[in-house]
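Read the structure below first, then the notes.
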Amino acid sequence: MWMKKHHCPPAERNKEHIWNVWKEHVLPKLLRIVPSVADDDHPTTFKALSPSPPLRILEVAAGSGVHTVYLSRRLFHYLQEHEHQHQHQQQREEQKEEQEPPPQPRASSTLSTPPFVWQSTDPDPSARESQQAYVQEDLAANEDHALLLRSCVADTPLPLTLTERGVVEPETRAILMSSTISSSATTTTKWDLMVNVNMIHIAPWEATQGLFVLAKELLRPGRGLLYLYGPFYVAGTTPAPSNVKFDQFLKAKDARNGIRRLEDVVALAQDYGLELVTTVDMPAHNLSVIFSKTQPNDNNDNDTKMTMETK
């Protein structure tokens with residue numbers, strides 16, 4: 001099965017940088033993490049509960065699967081650590097009330113149920129095979145957490161093709177609109193986080209439109225986030241020569257593709273009920289761009305139903 005893996009050097013280079021942005025800008029918003037009362041022994045303790053119901057994370061155009069396994073594994077251990085900190089903080093507070101020495105942290109896992117459900121997608125069958133191969137290899141290498149991780153990451157990547165009208169595949173749309181992903185059932189049909197890395201510039205603009213149609217339909221109002229990564233042209237800044245050259249290369253292959261202007265993407269997001277949260281400069285002249293799904297407007301935002309094409 002490992003022979004089906006696609007090797008993707010750019011994903012290997014940027015995966016840790018993406019995770020660092022998630023830790024600072026994405027997860028605190030999703031998990032409502034707030035600092036607890038600090039003391040000399042625990043100056044950076046945070047108060048955070050494991051998400052209940054589990055976080056639902058949709059990776060659109062996941063490509064090789066490098067980000068799927070790396071980010072899901074880092075997220076798993078991150079939530080494990082924060083749950084452990086939270087439980088330990090509770091124990092310390094209880095012991096403090098009883099005037100007893102605080103307990104020592106436990107090294108064992110404190111997660112007993114899946115804290116998130118991660119579904120990857122791609123229109124390319126070979127990319128979906130690669131995602132499966134990466135996931136299976138990662139599970140085999142993490143035997144201690146394999147059972148719980150297996151419940152977190154869907155074992156079957158979904159075919160997902162985007163046009164300006166949304167998702168082409170009716171079966172995929174039906175699954176994404178349901179409360180059950182793979183073998184994991186949740187109590188909601190909404191998604192907490194959509195992830196889209198390095199797609200917008202290598203696809204027609206209609207695919208970007210479809211991405212925001214999907215975000216409007218699926219993201220949890222007032223909380224759901226859309227995370228984008230890739231090169232963008234930013235108004236008021238001089239484009240990096242390497243980005244200009246890359247843009248020319250993309251358009252020579254397909255005139256419909258190319259690096260997008262950030263202001264155009266932000267305007268499109270606003271049309272579909274998403275607002276820009278922040279942008280973060282990344283290595284190699286890329287950006288992390290984070291949007292939030294706004295609260296529904298009683299007058300004109302009732303989660304407009306996504307239309308779909310038939311093949």
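Please note that chains go A, B, ... in the order of the structure tokens, that every chain numbers its residues from 1, and that ligands are numbered from 1 in the order shown.
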
Considering only C-alpha atoms, give me a table of residues in segment 230-290 of chain A that are at most 7 Å from segment 188-205 of chain A, with the closest atom pair and distance in Å for each, as CSV.
```
residue,atom,partner,partner_atom,distance
A:Gly230,CA,A:Asn198,CA,4.8
A:Leu250,CA,A:Ile202,CA,7.0
A:Arg256,CA,A:Pro204,CA,5.0
A:Asn257,CA,A:Pro204,CA,5.1
A:Gly258,CA,A:His201,CA,4.7
A:Ile259,CA,A:His201,CA,4.7
A:Arg260,CA,A:His201,CA,6.3
```

Which of segment 70-290 of chain A fall in strand (DSSP E or B), as a PDB file with N, CA, C and O atoms, in the first residue's frame:
```
ATOM      1  N   PHE A 116     -11.929  14.688  17.664  1.00  0.00           N
ATOM      2  CA  PHE A 116     -12.250  15.321  16.392  1.00  0.00           C
ATOM      3  C   PHE A 116     -12.479  14.254  15.340  1.00  0.00           C
ATOM      4  O   PHE A 116     -12.119  13.084  15.505  1.00  0.00           O
ATOM      5  N   VAL A 117     -13.109  14.675  14.246  1.00  0.00           N
ATOM      6  CA  VAL A 117     -13.294  13.829  13.069  1.00  0.00           C
ATOM      7  C   VAL A 117     -12.719  14.582  11.879  1.00  0.00           C
ATOM      8  O   VAL A 117     -13.103  15.723  11.621  1.00  0.00           O
ATOM      9  N   TRP A 118     -11.803  13.949  11.170  1.00  0.00           N
ATOM     10  CA  TRP A 118     -11.092  14.590  10.059  1.00  0.00           C
ATOM     11  C   TRP A 118     -11.437  13.856   8.765  1.00  0.00           C
ATOM     12  O   TRP A 118     -11.191  12.672   8.634  1.00  0.00           O
ATOM     13  N   GLN A 119     -11.993  14.589   7.815  1.00  0.00           N
ATOM     14  CA  GLN A 119     -12.346  14.009   6.513  1.00  0.00           C
ATOM     15  C   GLN A 119     -11.534  14.693   5.421  1.00  0.00           C
ATOM     16  O   GLN A 119     -11.612  15.906   5.229  1.00  0.00           O
ATOM     17  N   SER A 120     -10.733  13.925   4.693  1.00  0.00           N
ATOM     18  CA  SER A 120      -9.979  14.471   3.566  1.00  0.00           C
ATOM     19  C   SER A 120     -10.724  14.204   2.267  1.00  0.00           C
ATOM     20  O   SER A 120     -11.528  13.275   2.167  1.00  0.00           O
ATOM     21  N   THR A 121     -10.435  15.032   1.255  1.00  0.00           N
ATOM     22  CA  THR A 121     -11.100  14.915  -0.043  1.00  0.00           C
ATOM     23  C   THR A 121     -10.106  15.273  -1.144  1.00  0.00           C
ATOM     24  O   THR A 121      -9.080  15.916  -0.900  1.00  0.00           O
ATOM     25  N   VAL A 153      -9.619  10.029  12.148  1.00  0.00           N
ATOM     26  CA  VAL A 153      -9.357  10.295  10.742  1.00  0.00           C
ATOM     27  C   VAL A 153     -10.146   9.322   9.878  1.00  0.00           C
ATOM     28  O   VAL A 153      -9.981   8.100   9.998  1.00  0.00           O
ATOM     29  N   LEU A 158     -12.880  11.279   0.323  1.00  0.00           N
ATOM     30  CA  LEU A 158     -14.042  11.444  -0.544  1.00  0.00           C
ATOM     31  C   LEU A 158     -13.676  12.159  -1.841  1.00  0.00           C
ATOM     32  O   LEU A 158     -12.862  13.085  -1.834  1.00  0.00           O
ATOM     33  N   LEU A 162     -15.024  20.888  -7.279  1.00  0.00           N
ATOM     34  CA  LEU A 162     -15.694  22.162  -7.061  1.00  0.00           C
ATOM     35  C   LEU A 162     -15.902  22.919  -8.367  1.00  0.00           C
ATOM     36  O   LEU A 162     -15.012  22.981  -9.208  1.00  0.00           O
ATOM     37  N   THR A 163     -17.089  23.464  -8.541  1.00  0.00           N
ATOM     38  CA  THR A 163     -17.373  24.446  -9.585  1.00  0.00           C
ATOM     39  C   THR A 163     -18.002  25.648  -8.898  1.00  0.00           C
ATOM     40  O   THR A 163     -18.188  25.654  -7.673  1.00  0.00           O
ATOM     41  N   GLY A 166     -20.758  24.791  -6.464  1.00  0.00           N
ATOM     42  CA  GLY A 166     -20.536  23.964  -5.287  1.00  0.00           C
ATOM     43  C   GLY A 166     -19.925  22.623  -5.640  1.00  0.00           C
ATOM     44  O   GLY A 166     -19.066  22.518  -6.510  1.00  0.00           O
ATOM     45  N   VAL A 167     -20.402  21.589  -4.974  1.00  0.00           N
ATOM     46  CA  VAL A 167     -19.847  20.244  -5.113  1.00  0.00           C
ATOM     47  C   VAL A 167     -20.530  19.513  -6.260  1.00  0.00           C
ATOM     48  O   VAL A 167     -21.755  19.491  -6.359  1.00  0.00           O
ATOM     49  N   THR A 180     -22.775  11.715  10.326  1.00  0.00           N
ATOM     50  CA  THR A 180     -21.872  10.574  10.454  1.00  0.00           C
ATOM     51  C   THR A 180     -20.795  10.656   9.384  1.00  0.00           C
ATOM     52  O   THR A 180     -21.090  10.714   8.194  1.00  0.00           O
ATOM     53  N   ILE A 181     -19.544  10.674   9.823  1.00  0.00           N
ATOM     54  CA  ILE A 181     -18.403  10.678   8.926  1.00  0.00           C
ATOM     55  C   ILE A 181     -17.612   9.413   9.178  1.00  0.00           C
ATOM     56  O   ILE A 181     -17.174   9.168  10.303  1.00  0.00           O
ATOM     57  N   SER A 184     -17.685   7.427  12.557  1.00  0.00           N
ATOM     58  CA  SER A 184     -17.848   8.310  13.714  1.00  0.00           C
ATOM     59  C   SER A 184     -19.108   9.141  13.567  1.00  0.00           C
ATOM     60  O   SER A 184     -19.254   9.901  12.612  1.00  0.00           O
ATOM     61  N   ALA A 185     -19.995   9.003  14.518  1.00  0.00           N
ATOM     62  CA  ALA A 185     -21.237   9.775  14.523  1.00  0.00           C
ATOM     63  C   ALA A 185     -21.104  10.961  15.459  1.00  0.00           C
ATOM     64  O   ALA A 185     -20.532  10.865  16.541  1.00  0.00           O
ATOM     65  N   TRP A 191     -19.687  21.893  10.283  1.00  0.00           N
ATOM     66  CA  TRP A 191     -18.258  21.647  10.390  1.00  0.00           C
ATOM     67  C   TRP A 191     -17.594  22.820  11.095  1.00  0.00           C
ATOM     68  O   TRP A 191     -17.985  23.969  10.934  1.00  0.00           O
ATOM     69  N   LEU A 193     -14.069  23.396  11.022  1.00  0.00           N
ATOM     70  CA  LEU A 193     -12.895  23.896  10.319  1.00  0.00           C
ATOM     71  C   LEU A 193     -12.833  23.284   8.927  1.00  0.00           C
ATOM     72  O   LEU A 193     -12.975  22.067   8.771  1.00  0.00           O
ATOM     73  N   MET A 194     -12.631  24.132   7.930  1.00  0.00           N
ATOM     74  CA  MET A 194     -12.324  23.682   6.580  1.00  0.00           C
ATOM     75  C   MET A 194     -10.898  24.103   6.256  1.00  0.00           C
ATOM     76  O   MET A 194     -10.483  25.218   6.564  1.00  0.00           O
ATOM     77  N   VAL A 195     -10.153  23.197   5.645  1.00  0.00           N
ATOM     78  CA  VAL A 195      -8.742  23.401   5.361  1.00  0.00           C
ATOM     79  C   VAL A 195      -8.533  23.285   3.854  1.00  0.00           C
ATOM     80  O   VAL A 195      -8.965  22.307   3.236  1.00  0.00           O
ATOM     81  N   ASN A 196      -7.845  24.272   3.275  1.00  0.00           N
ATOM     82  CA  ASN A 196      -7.588  24.238   1.840  1.00  0.00           C
ATOM     83  C   ASN A 196      -6.192  24.812   1.593  1.00  0.00           C
ATOM     84  O   ASN A 196      -5.973  26.002   1.736  1.00  0.00           O
ATOM     85  N   VAL A 197      -5.270  23.930   1.241  1.00  0.00           N
ATOM     86  CA  VAL A 197      -3.868  24.305   1.094  1.00  0.00           C
ATOM     87  C   VAL A 197      -3.459  24.203  -0.375  1.00  0.00           C
ATOM     88  O   VAL A 197      -3.629  23.155  -1.006  1.00  0.00           O
ATOM     89  N   LEU A 219     -20.023  25.342   7.293  1.00  0.00           N
ATOM     90  CA  LEU A 219     -19.372  25.804   8.518  1.00  0.00           C
ATOM     91  C   LEU A 219     -20.377  26.214   9.588  1.00  0.00           C
ATOM     92  O   LEU A 219     -21.442  26.749   9.301  1.00  0.00           O
ATOM     93  N   LEU A 225     -14.369  28.022  10.970  1.00  0.00           N
ATOM     94  CA  LEU A 225     -13.253  28.713  10.345  1.00  0.00           C
ATOM     95  C   LEU A 225     -12.882  28.048   9.021  1.00  0.00           C
ATOM     96  O   LEU A 225     -13.002  26.826   8.866  1.00  0.00           O
ATOM     97  N   LEU A 226     -12.421  28.871   8.096  1.00  0.00           N
ATOM     98  CA  LEU A 226     -11.850  28.397   6.838  1.00  0.00           C
ATOM     99  C   LEU A 226     -10.396  28.824   6.809  1.00  0.00           C
ATOM    100  O   LEU A 226     -10.087  30.015   6.914  1.00  0.00           O
ATOM    101  N   TYR A 227      -9.496  27.843   6.678  1.00  0.00           N
ATOM    102  CA  TYR A 227      -8.060  28.121   6.637  1.00  0.00           C
ATOM    103  C   TYR A 227      -7.539  27.905   5.227  1.00  0.00           C
ATOM    104  O   TYR A 227      -7.693  26.816   4.659  1.00  0.00           O
ATOM    105  N   LEU A 228      -6.934  28.950   4.652  1.00  0.00           N
ATOM    106  CA  LEU A 228      -6.321  28.872   3.335  1.00  0.00           C
ATOM    107  C   LEU A 228      -4.819  29.077   3.456  1.00  0.00           C
ATOM    108  O   LEU A 228      -4.348  29.842   4.304  1.00  0.00           O
ATOM    109  N   TYR A 229      -4.080  28.422   2.568  1.00  0.00           N
ATOM    110  CA  TYR A 229      -2.633  28.604   2.508  1.00  0.00           C
ATOM    111  C   TYR A 229      -2.210  28.634   1.046  1.00  0.00           C
ATOM    112  O   TYR A 229      -2.695  27.835   0.237  1.00  0.00           O
ATOM    113  N   GLY A 230      -1.307  29.543   0.731  1.00  0.00           N
ATOM    114  CA  GLY A 230      -0.782  29.599  -0.620  1.00  0.00           C
ATOM    115  C   GLY A 230      -0.264  30.982  -0.946  1.00  0.00           C
ATOM    116  O   GLY A 230      -0.259  31.893  -0.096  1.00  0.00           O
ATOM    117  N   PHE A 232      -0.450  34.701  -2.617  1.00  0.00           N
ATOM    118  CA  PHE A 232      -1.467  35.692  -2.973  1.00  0.00           C
ATOM    119  C   PHE A 232      -0.758  36.988  -3.353  1.00  0.00           C
ATOM    120  O   PHE A 232       0.316  37.300  -2.841  1.00  0.00           O
ATOM    121  N   TYR A 233      -1.383  37.750  -4.236  1.00  0.00           N
ATOM    122  CA  TYR A 233      -0.963  39.124  -4.478  1.00  0.00           C
ATOM    123  C   TYR A 233      -1.694  40.013  -3.467  1.00  0.00           C
ATOM    124  O   TYR A 233      -2.915  39.933  -3.336  1.00  0.00           O
ATOM    125  N   ARG A 260      -3.977  34.525  -7.075  1.00  0.00           N
ATOM    126  CA  ARG A 260      -5.134  35.423  -6.922  1.00  0.00           C
ATOM    127  C   ARG A 260      -4.788  36.651  -6.085  1.00  0.00           C
ATOM    128  O   ARG A 260      -3.893  36.616  -5.236  1.00  0.00           O
ATOM    129  N   ARG A 261      -5.522  37.715  -6.313  1.00  0.00           N
ATOM    130  CA  ARG A 261      -5.403  38.903  -5.479  1.00  0.00           C
ATOM    131  C   ARG A 261      -6.172  38.660  -4.177  1.00  0.00           C
ATOM    132  O   ARG A 261      -7.340  38.255  -4.200  1.00  0.00           O
ATOM    133  N   LEU A 274     -18.628  35.051   5.074  1.00  0.00           N
ATOM    134  CA  LEU A 274     -17.411  34.827   5.838  1.00  0.00           C
ATOM    135  C   LEU A 274     -16.640  36.138   5.940  1.00  0.00           C
ATOM    136  O   LEU A 274     -16.657  36.953   5.014  1.00  0.00           O
ATOM    137  N   GLU A 275     -15.982  36.342   7.065  1.00  0.00           N
ATOM    138  CA  GLU A 275     -15.195  37.547   7.265  1.00  0.00           C
ATOM    139  C   GLU A 275     -13.746  37.178   7.543  1.00  0.00           C
ATOM    140  O   GLU A 275     -13.455  36.150   8.157  1.00  0.00           O
ATOM    141  N   LEU A 276     -12.853  38.041   7.081  1.00  0.00           N
ATOM    142  CA  LEU A 276     -11.427  37.803   7.282  1.00  0.00           C
ATOM    143  C   LEU A 276     -11.073  37.984   8.751  1.00  0.00           C
ATOM    144  O   LEU A 276     -11.398  39.002   9.358  1.00  0.00           O
ATOM    145  N   VAL A 277     -10.401  36.987   9.311  1.00  0.00           N
ATOM    146  CA  VAL A 277      -9.938  37.055  10.691  1.00  0.00           C
ATOM    147  C   VAL A 277      -8.522  37.607  10.749  1.00  0.00           C
ATOM    148  O   VAL A 277      -8.229  38.566  11.457  1.00  0.00           O
ATOM    149  N   THR A 278      -7.626  37.006   9.975  1.00  0.00           N
ATOM    150  CA  THR A 278      -6.240  37.458   9.959  1.00  0.00           C
ATOM    151  C   THR A 278      -5.502  36.827   8.794  1.00  0.00           C
ATOM    152  O   THR A 278      -5.962  35.833   8.207  1.00  0.00           O
ATOM    153  N   THR A 279      -4.378  37.422   8.450  1.00  0.00           N
ATOM    154  CA  THR A 279      -3.434  36.813   7.522  1.00  0.00           C
ATOM    155  C   THR A 279      -2.087  36.720   8.237  1.00  0.00           C
ATOM    156  O   THR A 279      -1.760  37.570   9.079  1.00  0.00           O
ATOM    157  N   VAL A 280      -1.327  35.698   7.889  1.00  0.00           N
ATOM    158  CA  VAL A 280      -0.016  35.480   8.508  1.00  0.00           C
ATOM    159  C   VAL A 280       0.994  35.224   7.399  1.00  0.00           C
ATOM    160  O   VAL A 280       0.793  34.349   6.548  1.00  0.00           O
ATOM    161  N   ASP A 281       2.073  35.994   7.401  1.00  0.00           N
ATOM    162  CA  ASP A 281       3.136  35.770   6.429  1.00  0.00           C
ATOM    163  C   ASP A 281       3.798  34.425   6.685  1.00  0.00           C
ATOM    164  O   ASP A 281       4.110  34.073   7.831  1.00  0.00           O
ATOM    165  N   MET A 282       4.037  33.689   5.615  1.00  0.00           N
ATOM    166  CA  MET A 282       4.621  32.366   5.698  1.00  0.00           C
ATOM    167  C   MET A 282       5.900  32.316   4.859  1.00  0.00           C
ATOM    168  O   MET A 282       6.150  33.197   4.029  1.00  0.00           O
ATOM    169  N   ASN A 286       4.428  32.900   0.867  1.00  0.00           N
ATOM    170  CA  ASN A 286       3.053  32.405   0.979  1.00  0.00           C
ATOM    171  C   ASN A 286       2.340  33.116   2.118  1.00  0.00           C
ATOM    172  O   ASN A 286       2.961  33.821   2.919  1.00  0.00           O
ATOM    173  N   LEU A 287       1.038  32.907   2.189  1.00  0.00           N
ATOM    174  CA  LEU A 287       0.224  33.465   3.260  1.00  0.00           C
ATOM    175  C   LEU A 287      -0.667  32.386   3.855  1.00  0.00           C
ATOM    176  O   LEU A 287      -1.137  31.490   3.138  1.00  0.00           O
ATOM    177  N   SER A 288      -0.883  32.489   5.150  1.00  0.00           N
ATOM    178  CA  SER A 288      -2.019  31.816   5.776  1.00  0.00           C
ATOM    179  C   SER A 288      -3.145  32.835   5.867  1.00  0.00           C
ATOM    180  O   SER A 288      -2.930  33.963   6.325  1.00  0.00           O
ATOM    181  N   VAL A 289      -4.336  32.453   5.421  1.00  0.00           N
ATOM    182  CA  VAL A 289      -5.489  33.348   5.418  1.00  0.00           C
ATOM    183  C   VAL A 289      -6.624  32.636   6.146  1.00  0.00           C
ATOM    184  O   VAL A 289      -7.008  31.524   5.775  1.00  0.00           O
ATOM    185  N   ILE A 290      -7.160  33.279   7.170  1.00  0.00           N
ATOM    186  CA  ILE A 290      -8.169  32.641   8.016  1.00  0.00           C
ATOM    187  C   ILE A 290      -9.460  33.454   7.959  1.00  0.00           C
ATOM    188  O   ILE A 290      -9.457  34.670   8.194  1.00  0.00           O
TER     189      ILE A 290
END
```

Residue neighbourhood segment 3-14 of chain A, 7 Å, only C-alpha atoms, exclusion window fewer than 6 positions, as number ranges by chain: A: 64, 66-67, 129-130, 133-134

Residues within 9 Å of Gln295 of chain A, please, as a list in words. Count only C-alpha atoms; anything in the same chain fewer than 6 positions from it doesn't count.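 Selected residues are Arg220, Pro221, Gly222, Arg223, Gly273 and Asp301 of chain A.
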
Can those selected residues be exported to a file as a CSV table (one decimal), in the first residue's frame so that it contains C-alpha atoms?
```csv
chain,number,residue,atom,x,y,z
A,220,ARG,CA,-20.8,26.3,12.0
A,221,PRO,CA,-22.2,29.9,12.2
A,222,GLY,CA,-20.3,32.2,14.5
A,223,ARG,CA,-17.5,29.7,15.1
A,273,GLY,CA,-21.0,35.2,4.8
A,301,ASP,CA,-28.7,34.6,5.6
```

Judged by only C-alpha atoms, the minimum distance to Val265 of chain A among A:Lys15, A:Gly224, A:Leu211, A:Lys293 is found for A:Leu211

Calculated over only C-alpha atoms, which of the candidates A:Cys152, A:Leu268, A:Ile18, A:Leu58 has the smallest distance to Ile175 of chain A?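 Answer, going by the shortest atom-to-atom distance: A:Leu58.
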
Quote the spacing between atom CA of Glu137 of chain A and atom CA of Glu16 of chain A in Å to one decimal place.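 Straight-line distance from atom CA of Glu137 of chain A to atom CA of Glu16 of chain A works out to 19.1 Å.
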
Give me the residues near Ala284 of chain A as a list in words, where near means some atom within 9 Å (using only C-alpha atoms) and where sequence neighbours in that chain fewer than 4 positions away do not count.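 Listed by chain and then number, they are Pro231, Ser242 and Asn243 of chain A.
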
Atoms to include: N, CA and C atoms. Write the selected residues as a PDB file, in the first residue's frame.
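So the final result, stored in out_36.pdb, reads:
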```
ATOM      1  N   PRO A 231       0.167  31.211  -2.179  1.00  0.00           N
ATOM      2  CA  PRO A 231       0.632  32.533  -2.593  1.00  0.00           C
ATOM      3  C   PRO A 231      -0.542  33.434  -2.976  1.00  0.00           C
ATOM      4  N   SER A 242       9.794  35.631  -7.483  1.00  0.00           N
ATOM      5  CA  SER A 242       9.528  34.196  -7.631  1.00  0.00           C
ATOM      6  C   SER A 242       8.036  33.929  -7.794  1.00  0.00           C
ATOM      7  N   ASN A 243       7.183  34.729  -7.135  1.00  0.00           N
ATOM      8  CA  ASN A 243       5.744  34.562  -7.294  1.00  0.00           C
ATOM      9  C   ASN A 243       5.281  35.003  -8.677  1.00  0.00           C
TER      10      ASN A 243
END
```

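Of the listed residues (A:His17, A:Arg128, A:Lys251, A:Arg150), A:Arg150 comes nearest to Phe76 of chain A; the distances count only C-alpha atoms.
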